[in-house]
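Have a look at run_39.cif below; it lists mmCIF, C-alpha atoms.
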data_structure
#
loop_
_atom_site.label_atom_id
_atom_site.label_comp_id
_atom_site.auth_asym_id
_atom_site.auth_seq_id
_atom_site.Cartn_x
_atom_site.Cartn_y
_atom_site.Cartn_z
CA MET M 1 -13.14 104.79 86.62
CA ARG M 2 -12.64 106.43 83.22
CA GLN M 3 -8.88 106.16 83.53
CA GLY M 4 -9.21 102.47 84.35
CA LEU M 5 -11.46 101.86 81.35
CA GLY M 6 -9.14 103.87 79.08
CA SER M 7 -6.14 101.90 80.29
CA LYS M 8 -7.97 98.62 79.72
CA LEU M 9 -8.85 99.64 76.18
CA GLY M 10 -5.33 100.87 75.48
CA ILE M 11 -6.34 104.50 74.86
CA GLY M 12 -4.48 106.13 77.74
CA TRP M 13 -0.92 107.22 76.97
CA ARG M 14 1.70 108.60 79.31
CA LEU M 15 4.07 111.22 78.00
CA HIS M 16 7.49 109.91 76.98
CA GLY M 17 10.03 112.11 78.71
CA ASP M 18 9.14 115.73 78.05
CA GLY M 19 7.25 114.83 74.87
CA GLY M 20 10.13 115.95 72.69
CA THR M 21 12.47 113.91 70.56
CA PRO M 22 13.58 110.72 72.39
CA ARG M 23 17.24 110.48 73.25
CA PRO M 24 19.46 108.31 71.02
CA GLY M 25 18.86 104.62 71.64
CA GLU M 26 15.51 105.18 73.36
CA ALA M 27 12.20 103.83 72.06
CA VAL M 28 8.68 105.10 72.65
CA ALA M 29 6.54 102.27 74.06
CA PRO M 30 3.02 101.45 72.79
CA ASP M 31 1.43 103.02 75.88
CA GLU M 32 3.53 106.18 75.59
CA ARG M 33 3.33 109.15 73.26
CA LEU M 34 5.31 112.18 72.24
CA SER M 35 3.76 115.65 72.17
CA TRP M 36 0.56 115.72 70.16
CA GLY M 37 2.22 117.76 67.43
CA ARG M 38 4.91 115.12 66.97
CA THR M 39 2.35 112.32 67.31
CA ILE M 40 0.26 113.84 64.52
CA GLY M 41 3.38 114.02 62.35
CA LEU M 42 4.12 110.34 62.99
CA GLY M 43 0.49 109.47 62.32
CA ALA M 44 0.78 111.24 58.96
CA GLN M 45 3.83 109.11 58.20
CA HIS M 46 1.80 105.96 58.91
CA VAL M 47 -0.89 107.23 56.53
CA VAL M 48 1.76 107.68 53.86
CA ALA M 49 3.14 104.18 54.46
CA MET M 50 -0.20 102.42 54.17
CA PHE M 51 -1.89 104.57 51.56
CA GLY M 52 -0.33 103.27 48.35
CA ALA M 53 -1.04 99.58 48.96
CA THR M 54 -4.39 100.20 50.67
CA PHE M 55 -5.48 102.20 47.62
CA VAL M 56 -3.96 99.91 44.97
CA PHE M 57 -5.09 96.46 46.15
CA PRO M 58 -8.84 97.24 46.08
CA VAL M 59 -8.36 98.71 42.60
CA LEU M 60 -6.78 95.42 41.53
CA MET M 61 -9.76 93.59 43.04
CA GLY M 62 -12.30 95.88 41.38
CA LEU M 63 -13.49 97.41 44.69
CA ASP M 64 -13.95 101.04 45.71
CA PRO M 65 -10.58 102.45 46.91
CA ASN M 66 -12.16 105.31 48.84
CA LEU M 67 -14.20 102.80 50.83
CA ALA M 68 -11.01 100.82 51.40
CA ILE M 69 -9.28 103.85 52.88
CA MET M 70 -12.21 104.61 55.17
CA VAL M 71 -12.68 101.05 56.45
CA SER M 72 -8.93 100.71 57.01
CA GLY M 73 -9.23 103.47 59.58
CA VAL M 74 -12.26 101.85 61.22
CA ALA M 75 -10.54 98.45 61.16
CA THR M 76 -7.41 99.87 62.80
CA ILE M 77 -9.42 101.40 65.64
CA LEU M 78 -11.27 98.10 66.19
CA PHE M 79 -7.98 96.21 66.15
CA LEU M 80 -6.37 98.52 68.73
CA LEU M 81 -9.41 98.23 71.00
CA ILE M 82 -9.57 94.42 70.74
CA VAL M 83 -5.84 93.95 71.46
CA GLN M 84 -6.12 96.55 74.26
CA GLY M 85 -3.45 98.75 72.70
CA LYS M 86 -0.70 96.15 73.20
CA ILE M 87 0.08 95.59 69.50
CA PRO M 88 0.75 98.76 67.52
CA SER M 89 -0.37 97.91 63.99
CA TYR M 90 -2.28 99.40 61.09
CA LEU M 91 -4.87 97.36 59.20
CA GLY M 92 -4.81 98.10 55.49
CA SER M 93 -6.09 96.27 52.41
CA SER M 94 -4.77 92.72 52.13
CA ALA M 95 -2.82 91.57 49.09
CA SER M 96 -3.38 87.89 49.90
CA PHE M 97 -6.74 87.86 48.10
CA VAL M 98 -5.79 89.57 44.84
CA GLY M 99 -4.98 86.34 42.99
CA ALA M 100 -8.10 84.55 44.22
CA VAL M 101 -10.32 87.52 43.35
CA THR M 102 -8.83 87.55 39.85
CA VAL M 103 -9.87 83.91 39.48
CA ILE M 104 -13.39 84.66 40.74
CA ARG M 105 -13.86 87.53 38.30
CA ALA M 106 -12.44 85.47 35.44
CA GLY M 107 -15.17 82.93 36.20
CA GLY M 108 -17.90 85.57 35.95
CA GLY M 109 -18.14 86.54 39.63
CA ASP M 110 -19.11 90.12 40.45
CA SER M 111 -18.13 92.36 43.37
CA SER M 112 -20.86 91.01 45.63
CA ALA M 113 -19.63 87.44 45.10
CA VAL M 114 -16.07 88.59 45.79
CA THR M 115 -16.95 90.30 49.06
CA GLY M 116 -19.22 87.41 50.10
CA ALA M 117 -16.35 84.93 49.70
CA ILE M 118 -14.04 87.27 51.62
CA LEU M 119 -16.64 87.58 54.39
CA ILE M 120 -16.75 83.79 54.92
CA CYS M 121 -12.94 83.64 54.89
CA ALA M 122 -12.80 86.44 57.46
CA LEU M 123 -15.24 84.63 59.76
CA VAL M 124 -13.05 81.51 59.59
CA LEU M 125 -10.01 83.59 60.48
CA GLY M 126 -11.88 85.13 63.42
CA ALA M 127 -12.84 81.65 64.65
CA VAL M 128 -9.18 80.60 64.56
CA GLY M 129 -8.35 83.66 66.65
CA VAL M 130 -10.93 82.67 69.28
CA ILE M 131 -9.49 79.14 69.44
CA VAL M 132 -5.94 80.46 69.83
CA HIS M 133 -7.08 82.89 72.55
CA PHE M 134 -8.75 80.23 74.71
CA ALA M 135 -6.43 77.29 73.92
CA GLY M 136 -3.35 79.44 74.39
CA PRO M 137 -0.63 80.46 71.98
CA ALA M 138 1.37 77.27 72.56
CA ALA M 139 -0.26 75.63 69.56
CA ILE M 140 0.75 78.51 67.32
CA HIS M 141 4.29 78.46 68.71
CA ARG M 142 4.54 74.72 68.08
CA MET M 143 3.34 75.33 64.54
CA LEU M 144 5.48 78.47 64.09
CA PRO M 145 8.78 78.13 66.01
CA PRO M 146 11.41 80.88 65.57
CA ALA M 147 12.89 79.21 62.48
CA VAL M 148 9.51 79.20 60.76
CA SER M 149 8.18 82.53 62.07
CA GLY M 150 11.40 84.27 61.00
CA ALA M 151 10.98 82.81 57.53
CA VAL M 152 7.36 83.97 57.41
CA VAL M 153 8.32 87.53 58.38
CA MET M 154 11.08 87.50 55.77
CA LEU M 155 8.68 86.08 53.19
CA ILE M 156 6.12 88.80 53.92
CA GLY M 157 8.68 91.56 53.41
CA PHE M 158 10.61 90.23 50.44
CA ASN M 159 7.46 88.95 48.71
CA LEU M 160 6.61 92.62 48.20
CA ALA M 161 9.82 93.20 46.23
CA PRO M 162 8.16 92.50 42.84
CA VAL M 163 5.61 95.25 43.62
CA VAL M 164 8.53 97.70 43.78
CA ALA M 165 10.40 96.26 40.80
CA GLU M 166 7.43 95.75 38.48
CA THR M 167 4.88 98.39 39.50
CA TYR M 168 6.46 101.42 41.18
CA TRP M 169 10.13 101.70 40.21
CA PRO M 170 9.72 101.46 36.38
CA GLN M 171 7.30 104.42 36.39
CA ASP M 172 10.21 106.80 37.04
CA GLN M 173 13.50 105.21 37.99
CA TRP M 174 15.37 108.46 38.62
CA VAL M 175 12.74 109.95 40.91
CA ALA M 176 12.57 106.57 42.69
CA LEU M 177 16.35 106.53 43.14
CA ILE M 178 16.51 110.11 44.44
CA THR M 179 13.53 109.52 46.77
CA MET M 180 15.28 106.44 48.16
CA VAL M 181 18.43 108.49 48.76
CA ILE M 182 16.38 111.18 50.54
CA VAL M 183 14.86 108.57 52.88
CA LEU M 184 18.24 106.97 53.62
CA ALA M 185 20.03 110.28 54.11
CA ALA M 186 17.28 111.81 56.26
CA SER M 187 17.07 108.76 58.54
CA VAL M 188 20.84 108.73 59.15
CA LEU M 189 22.01 112.35 58.83
CA LEU M 190 19.11 114.29 60.34
CA ARG M 191 18.90 114.41 64.11
CA GLY M 192 15.96 114.02 66.42
CA PHE M 193 12.38 114.14 65.20
CA TRP M 194 13.28 114.98 61.58
CA GLY M 195 15.26 111.79 61.27
CA ARG M 196 12.30 109.83 62.57
CA ILE M 197 9.97 111.08 59.83
CA ALA M 198 12.40 110.26 57.03
CA VAL M 199 9.73 108.39 55.07
CA PHE M 200 7.40 111.38 55.12
CA LEU M 201 10.24 113.67 54.06
CA GLY M 202 11.00 111.28 51.21
CA LEU M 203 7.38 111.49 50.08
CA VAL M 204 7.30 115.29 50.18
CA GLY M 205 10.69 115.55 48.48
CA GLY M 206 9.77 113.05 45.77
CA TYR M 207 6.40 114.75 45.19
CA ALA M 208 8.11 118.15 44.75
CA LEU M 209 10.84 116.62 42.60
CA SER M 210 8.28 115.07 40.25
CA TRP M 211 6.58 118.44 39.86
CA ALA M 212 9.93 120.10 39.15
CA PHE M 213 10.93 117.45 36.58
CA ASP M 214 7.62 117.94 34.78
CA ALA M 215 8.23 121.68 34.65
CA LEU M 216 11.86 121.34 33.50
CA PHE M 217 11.83 118.28 31.24
CA GLY M 218 8.18 117.81 30.31
CA PRO M 219 6.17 114.57 30.45
CA ILE M 220 7.84 111.18 30.83
CA THR M 221 7.43 108.18 28.53
CA ALA M 222 7.23 105.20 30.87
CA PRO M 223 4.87 102.49 32.16
CA ASP M 224 1.95 103.50 34.33
CA ALA M 225 0.69 101.51 37.34
CA ASP M 226 -0.93 98.98 34.98
CA GLY M 227 2.27 98.51 32.97
CA ASN M 228 1.01 100.36 29.90
CA VAL M 229 3.72 102.55 28.33
CA SER M 230 2.60 106.07 27.46
CA THR M 231 3.74 109.68 27.58
CA HIS M 232 2.25 111.35 30.65
CA PRO M 233 3.16 113.83 33.41
CA ARG M 234 4.87 112.40 36.47
CA LEU M 235 2.49 114.30 38.74
CA ASP M 236 -1.09 114.39 37.47
CA LEU M 237 -3.33 116.57 39.64
CA SER M 238 -6.30 116.61 37.26
CA GLY M 239 -8.22 114.22 39.50
CA VAL M 240 -7.85 116.60 42.44
CA ALA M 241 -9.76 119.40 40.71
CA ASP M 242 -12.56 117.05 39.66
CA ALA M 243 -12.96 115.36 43.06
CA PRO M 244 -15.58 116.73 45.49
CA TRP M 245 -14.64 117.81 49.01
CA PHE M 246 -17.12 115.46 50.64
CA GLY M 247 -18.68 112.23 49.46
CA LEU M 248 -19.61 108.81 50.74
CA PRO M 249 -17.88 105.78 49.22
CA GLN M 250 -19.81 103.11 47.31
CA PHE M 251 -21.38 100.44 49.52
CA HIS M 252 -22.82 97.12 48.38
CA ALA M 253 -24.09 93.95 50.05
CA PRO M 254 -22.26 90.62 49.68
CA SER M 255 -23.66 87.50 48.04
CA PHE M 256 -22.47 83.95 48.58
CA ASP M 257 -21.23 81.57 45.92
CA LEU M 258 -19.72 78.23 46.98
CA ALA M 259 -17.18 78.11 44.16
CA ALA M 260 -15.92 81.60 45.02
CA ILE M 261 -15.69 80.72 48.71
CA ILE M 262 -13.61 77.62 48.00
CA VAL M 263 -11.20 79.66 45.87
CA VAL M 264 -10.68 82.24 48.64
CA LEU M 265 -10.50 79.98 51.73
CA PRO M 266 -6.81 78.98 51.37
CA ALA M 267 -5.95 82.63 52.06
CA VAL M 268 -6.75 81.90 55.73
CA ILE M 269 -3.45 80.00 55.94
CA ALA M 270 -1.51 82.99 54.70
CA LEU M 271 -3.35 85.40 57.01
CA ILE M 272 -2.72 83.29 60.12
CA ALA M 273 0.97 83.13 59.27
CA GLU M 274 1.03 86.81 58.29
CA ASN M 275 -0.60 87.98 61.53
CA THR M 276 1.61 85.71 63.61
CA GLY M 277 4.68 86.94 61.78
CA HIS M 278 3.69 90.56 62.28
CA VAL M 279 3.00 90.03 65.99
CA LYS M 280 6.42 88.36 66.28
CA ALA M 281 8.03 91.30 64.47
CA VAL M 282 6.35 93.82 66.78
CA GLU M 283 7.32 91.70 69.78
CA GLN M 284 10.95 91.75 68.69
CA MET M 285 10.94 95.51 68.15
CA THR M 286 9.11 96.54 71.33
CA GLY M 287 10.63 93.95 73.64
CA SER M 288 7.11 93.13 74.89
CA GLN M 289 5.72 89.67 75.52
CA LEU M 290 2.72 89.41 73.18
CA ASP M 291 1.89 85.70 73.41
CA GLY M 292 -1.32 86.42 75.29
CA SER M 293 -2.48 88.86 72.62
CA LEU M 294 -1.90 86.65 69.57
CA GLY M 295 -5.41 85.19 69.57
CA ARG M 296 -6.89 88.67 69.96
CA ALA M 297 -4.82 89.92 67.01
CA ILE M 298 -5.95 87.10 64.71
CA PHE M 299 -9.58 87.52 65.81
CA ALA M 300 -9.39 91.30 65.35
CA ASP M 301 -8.11 90.93 61.81
CA GLY M 302 -10.89 88.46 60.98
CA PHE M 303 -13.54 90.64 62.61
CA ALA M 304 -12.34 93.78 60.80
CA SER M 305 -12.22 91.97 57.44
CA ALA M 306 -15.73 90.63 57.99
CA LEU M 307 -17.04 94.10 58.79
CA SER M 308 -15.29 95.58 55.75
CA SER M 309 -16.52 92.96 53.30
CA ALA M 310 -20.06 93.16 54.72
CA VAL M 311 -20.34 96.73 53.34
CA GLY M 312 -18.46 96.06 50.10
CA GLY M 313 -14.88 96.75 51.19
CA PRO M 314 -11.71 94.68 50.77
CA PRO M 315 -10.19 92.34 53.37
CA THR M 316 -7.77 93.88 55.85
CA THR M 317 -4.54 92.75 57.41
CA THR M 318 -1.85 94.08 59.71
CA TYR M 319 0.51 96.08 57.56
CA ALA M 320 4.18 95.32 57.02
CA GLU M 321 4.63 98.83 55.65
CA ASN M 322 3.75 100.41 58.99
CA ILE M 323 5.87 97.92 60.92
CA GLY M 324 8.70 99.16 58.72
CA VAL M 325 7.96 102.74 59.77
CA MET M 326 8.15 101.70 63.43
CA ALA M 327 11.43 99.90 62.80
CA ALA M 328 12.83 103.08 61.25
CA THR M 329 11.54 105.51 63.90
CA ARG M 330 11.59 103.34 67.08
CA VAL M 331 8.29 105.01 68.00
CA TYR M 332 5.76 102.28 68.83
CA SER M 333 3.07 104.54 70.28
CA THR M 334 -0.47 103.40 69.45
CA ALA M 335 -1.50 107.07 69.68
CA ALA M 336 0.11 107.60 66.27
CA TYR M 337 -2.03 104.77 64.89
CA TRP M 338 -5.19 106.38 66.26
CA VAL M 339 -4.20 109.57 64.47
CA ALA M 340 -3.55 107.63 61.26
CA ALA M 341 -6.90 105.83 61.55
CA ILE M 342 -8.85 109.07 62.05
CA VAL M 343 -7.05 110.68 59.11
CA ALA M 344 -7.83 107.63 56.95
CA ILE M 345 -11.53 107.85 57.81
CA ALA M 346 -11.47 111.55 56.89
CA PHE M 347 -9.73 110.74 53.61
CA GLY M 348 -12.36 108.11 52.86
CA LEU M 349 -15.07 110.70 53.32
CA CYS M 350 -13.20 113.38 51.34
CA PRO M 351 -12.44 112.31 47.77
CA LYS M 352 -10.40 115.47 47.14
CA PHE M 353 -7.86 114.67 49.88
CA GLY M 354 -7.78 111.11 48.67
CA ALA M 355 -7.05 112.33 45.16
CA VAL M 356 -4.06 114.34 46.40
CA ILE M 357 -2.47 111.29 48.02
CA ALA M 358 -3.52 109.04 45.15
CA ALA M 359 -1.67 111.41 42.80
CA THR M 360 1.64 110.48 44.45
CA PRO M 361 3.85 109.49 41.51
CA GLY M 362 4.73 105.82 41.22
CA GLY M 363 8.43 106.62 41.22
CA VAL M 364 8.09 108.24 44.64
CA LEU M 365 6.34 105.15 46.00
CA GLY M 366 9.10 103.04 44.49
CA GLY M 367 11.79 104.95 46.36
CA ILE M 368 9.91 104.66 49.66
CA THR M 369 8.81 101.04 49.45
CA VAL M 370 12.22 99.71 48.38
CA VAL M 371 13.42 100.73 51.86
CA LEU M 372 10.36 99.73 53.90
CA TYR M 373 9.82 96.33 52.31
CA GLY M 374 13.47 95.40 52.73
CA MET M 375 13.40 96.36 56.41
CA ILE M 376 10.47 94.02 56.99
CA GLY M 377 12.33 91.14 55.38
CA LEU M 378 15.38 91.77 57.55
CA LEU M 379 13.23 91.66 60.69
CA GLY M 380 12.81 87.96 59.88
CA ALA M 381 16.57 87.56 59.92
CA LYS M 382 16.61 89.38 63.27
CA ILE M 383 14.25 86.75 64.71
CA TRP M 384 16.63 84.02 63.53
CA VAL M 385 19.67 85.73 65.03
CA GLU M 386 18.11 86.51 68.40
CA ASN M 387 16.73 82.96 68.75
CA ARG M 388 20.01 81.42 67.54
CA VAL M 389 18.36 79.33 64.84
CA ASP M 390 20.80 76.60 63.80
CA PHE M 391 21.03 76.45 60.01
CA ALA M 392 23.51 73.60 60.22
CA ASP M 393 20.40 71.54 61.01
CA PRO M 394 18.89 70.50 57.66
CA VAL M 395 15.43 70.47 59.25
CA ASN M 396 15.79 74.25 59.61
CA LEU M 397 17.72 74.92 56.44
CA LEU M 398 15.98 72.97 53.68
CA PRO M 399 12.24 73.67 54.11
CA LEU M 400 12.93 77.35 54.84
CA ALA M 401 15.10 77.65 51.74
CA ALA M 402 12.45 76.01 49.58
CA GLY M 403 9.60 78.06 51.06
CA LEU M 404 11.39 81.38 50.69
CA VAL M 405 12.31 80.81 47.06
CA ALA M 406 8.83 79.49 46.23
CA GLY M 407 7.10 82.45 47.91
CA ILE M 408 9.43 85.26 46.91
CA GLY M 409 10.08 83.93 43.41
CA GLY M 410 6.40 83.58 42.55
CA VAL M 411 6.35 79.80 42.13
CA SER M 412 2.77 78.60 41.56
CA LEU M 413 0.97 75.34 42.10
CA GLN M 414 -2.05 74.66 39.88
CA ILE M 415 -4.59 72.88 42.11
CA THR M 416 -7.46 72.91 39.61
CA PRO M 417 -7.86 74.56 36.20
CA SER M 418 -9.42 77.54 37.99
CA PHE M 419 -7.35 77.69 41.18
CA GLU M 420 -3.68 78.50 41.61
CA PHE M 421 -1.73 78.41 44.88
CA SER M 422 1.21 80.83 44.92
CA GLY M 423 3.04 83.67 46.65
CA ILE M 424 2.96 84.03 50.44
CA ALA M 425 0.41 81.23 50.80
CA LEU M 426 2.49 78.66 48.90
CA GLY M 427 5.76 79.76 50.51
CA THR M 428 4.19 79.51 53.95
CA VAL M 429 2.75 76.05 53.33
CA VAL M 430 6.05 74.74 51.93
CA THR M 431 7.90 76.11 54.95
CA LEU M 432 5.38 74.90 57.54
CA VAL M 433 4.64 71.45 56.14
CA GLY M 434 8.24 70.79 55.15
CA TYR M 435 9.58 71.79 58.57
CA HIS M 436 7.12 69.73 60.58
CA LEU M 437 7.31 66.65 58.36
CA LEU M 438 11.10 66.65 58.55
CA ARG M 439 11.05 67.31 62.30
CA ALA M 440 8.59 64.45 62.83
CA GLY M 441 10.71 62.17 60.65
CA VAL M 442 13.86 62.93 62.63
CA ALA M 443 12.04 62.37 65.93
CA ARG M 444 10.66 59.04 64.76
CA ARG M 445 14.05 57.89 63.51
CA SER M 446 15.62 58.81 66.86
#
Structure translated into structure tokens:
Amino acid sequence: MRQGLGSKLGIGWRLHGDGGTPRPGEAVAPDERLSWGRTIGLGAQHVVAMFGATFVFPVLMGLDPNLAIMVSGVATILFLLIVQGKIPSYLGSSASFVGAVTVIRAGGGDSSAVTGAILICALVLGAVGVIVHFAGPAAIHRMLPPAVSGAVVMLIGFNLAPVVAETYWPQDQWVALITMVIVLAASVLLRGFWGRIAVFLGLVGGYALSWAFDALFGPITAPDADGNVSTHPRLDLSGVADAPWFGLPQFHAPSFDLAAIIVVLPAVIALIAENTGHVKAVEQMTGSQLDGSLGRAIFADGFASALSSAVGGPPTTTYAENIGVMAATRVYSTAAYWVAAIVAIAFGLCPKFGAVIAATPGGVLGGITVVLYGMIGLLGAKIWVENRVDFADPVNLLPLAAGLVAGIGGVSLQITPSFEFSGIALGTVVTLVGYHLLRAGVARRS
């Protein structure tokens, strides 16, 4: 009975081979695992991949980052249970709301108004997931055919490029470059398990390199994460000494303001496309048929975001960063995500551990993310190739070209004096609406 329940919930894993390093060309399926020692190592790599963005985005939104880390772990566990372990994904803090939250705060809104607006948006997203689950995924597939879903996946990955170029890389270009080389070299030159944790090795190597550069060359004069140029050490561990070993994050209740809700609601469009794109990316990597789980995935993201915002946390979303880790390692085991989630919850309850990870130099994050974000973008191209999308057809070519440039290039559309539509949301809408209007026009003409 317990085995049946565990299998239904996706928390029973069979050992892949002998639990050691998979043979070349093999992949570890979502319902498989390596030895627990290797699984813990892979879980640590997923923590590394999600930590920077999950910590940064709530800071940009004025929310407690320690709470964000903790609820990301809870949200991931809920997601894995709801999708019955069929979609290996990590739920970290969503970037889709940063612009809208900036508008809300500029208008005098406080954190409770921000989280209240996010809560309503999350409930809408959850309702869409329920509709997709019972009506079937056909509607989503009609709305997001391979040409469009590939563009959305590419948009999600390459839209993160400015984060690397403007936030992480300028903080220490040489450490970023060397860290990138470590990741590339480790993934290609190292054999077996060590090659599969190349991202983690890049983090450790970059961390140690930053410490060594501080000792040899002294502080660096460069921008910090906010873009302010100053002279500071590459690796600042002062926050680690001051942080307590145990402490609860800051909770607060949401409040509801109609103007704030209206500003945030368009993010639902981006989240539907983002979740669908991520499910498509995982489907392509694992070779599994995930149509029947799409509604569950969208609902799970909405439910997790609602729970997070109800206690004062940020919205969550399936993470491109962790999909990139899976693409690099070919280990799709959900057991590694359970490990990552439990570690994240522990970090959220232990400010000192959080301070250690938060001290990761920006240059190190730049070297890691320049690889991961690019891999996500190329997964979109993989969807196009495998579905033989015909770019000689202007219905495929033109709206996708416009949407990608609008989304990746940061084109904005001013809807009202206080609301701006841009980034992934605008790129997705241009791609979706343009594709379907042109397709309908061609059909009517025929």
Given all atoms listed in the file, how would the per-residue table for region 110-218 of chain M near region 247-270 of chain M read, listing every residue at most 12 Å away with its closest atom pair and distance in Å to one decimal, sorted by chain and number, as CSV?
residue,atom,partner,partner_atom,distance
M:Asp110,CA,M:Ser255,CA,9.2
M:Ser111,CA,M:Pro254,CA,7.7
M:Ser112,CA,M:Pro254,CA,4.3
M:Ala113,CA,M:Ser255,CA,5.0
M:Val114,CA,M:Ala260,CA,7.0
M:Thr115,CA,M:Pro254,CA,5.4
M:Gly116,CA,M:Pro254,CA,4.4
M:Ala117,CA,M:Ile261,CA,4.4
M:Ile118,CA,M:Val264,CA,6.7
M:Leu119,CA,M:Pro254,CA,7.9
M:Ile120,CA,M:Ile261,CA,7.0
M:Cys121,CA,M:Leu265,CA,5.4
M:Ala122,CA,M:Val268,CA,7.8
M:Leu123,CA,M:Val268,CA,9.8
M:Val124,CA,M:Val268,CA,7.4
M:Leu125,CA,M:Val268,CA,6.0
M:Gly126,CA,M:Val268,CA,9.8
M:Ala127,CA,M:Val268,CA,10.8
M:Val128,CA,M:Val268,CA,9.3
M:Gly129,CA,M:Val268,CA,11.2
M:Met143,CA,M:Ile269,CA,11.9
M:Val152,CA,M:Ala270,CA,9.3
M:Val153,CA,M:Ala270,CA,11.4
M:Leu155,CA,M:Ala270,CA,10.8
M:Ile156,CA,M:Ala270,CA,9.6
Query raised in the report: What does the distance from CA of Val204 (chain M) to CA of Val364 (chain M) come to in Å, to one decimal?
Result: 9.0 Å
Report task. Select, counting all atoms listed in the file, all protein, DNA and RNA residues no farther than 8 Å from (9.8, 113.0, 44.3) in file coordinates, and express the selection as a PyMOL selection string. Result -> chain M and resi 175-176+178-179+202-211+361+363-364
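When only C-alpha atoms are used to measure the gap to Gly227 (chain M), the shortest distance among M:Tyr332, M:Phe97, M:Trp245, M:Trp169 belongs to M:Trp169.
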Query - Non-local contacts of region 284-291 of chain M (9 Å; all atoms listed in the file; under 6 positions in same chain excluded) as an MDAnalysis selection string - result: chainID M and resid 27:30 86:87 136:138 141 326:327 330 332 379 382:383 386
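From CA of Val395 (chain M) back to CA of Ala443 (chain M), the distance works out to 11.0 Å.
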Report task. Kindly indicate which residue among M:Val132, M:Ala139, M:Ile345, M:Ala147 lies nearest to Asp390 (chain M), using only C-alpha atoms for the distances. Result -> M:Ala147
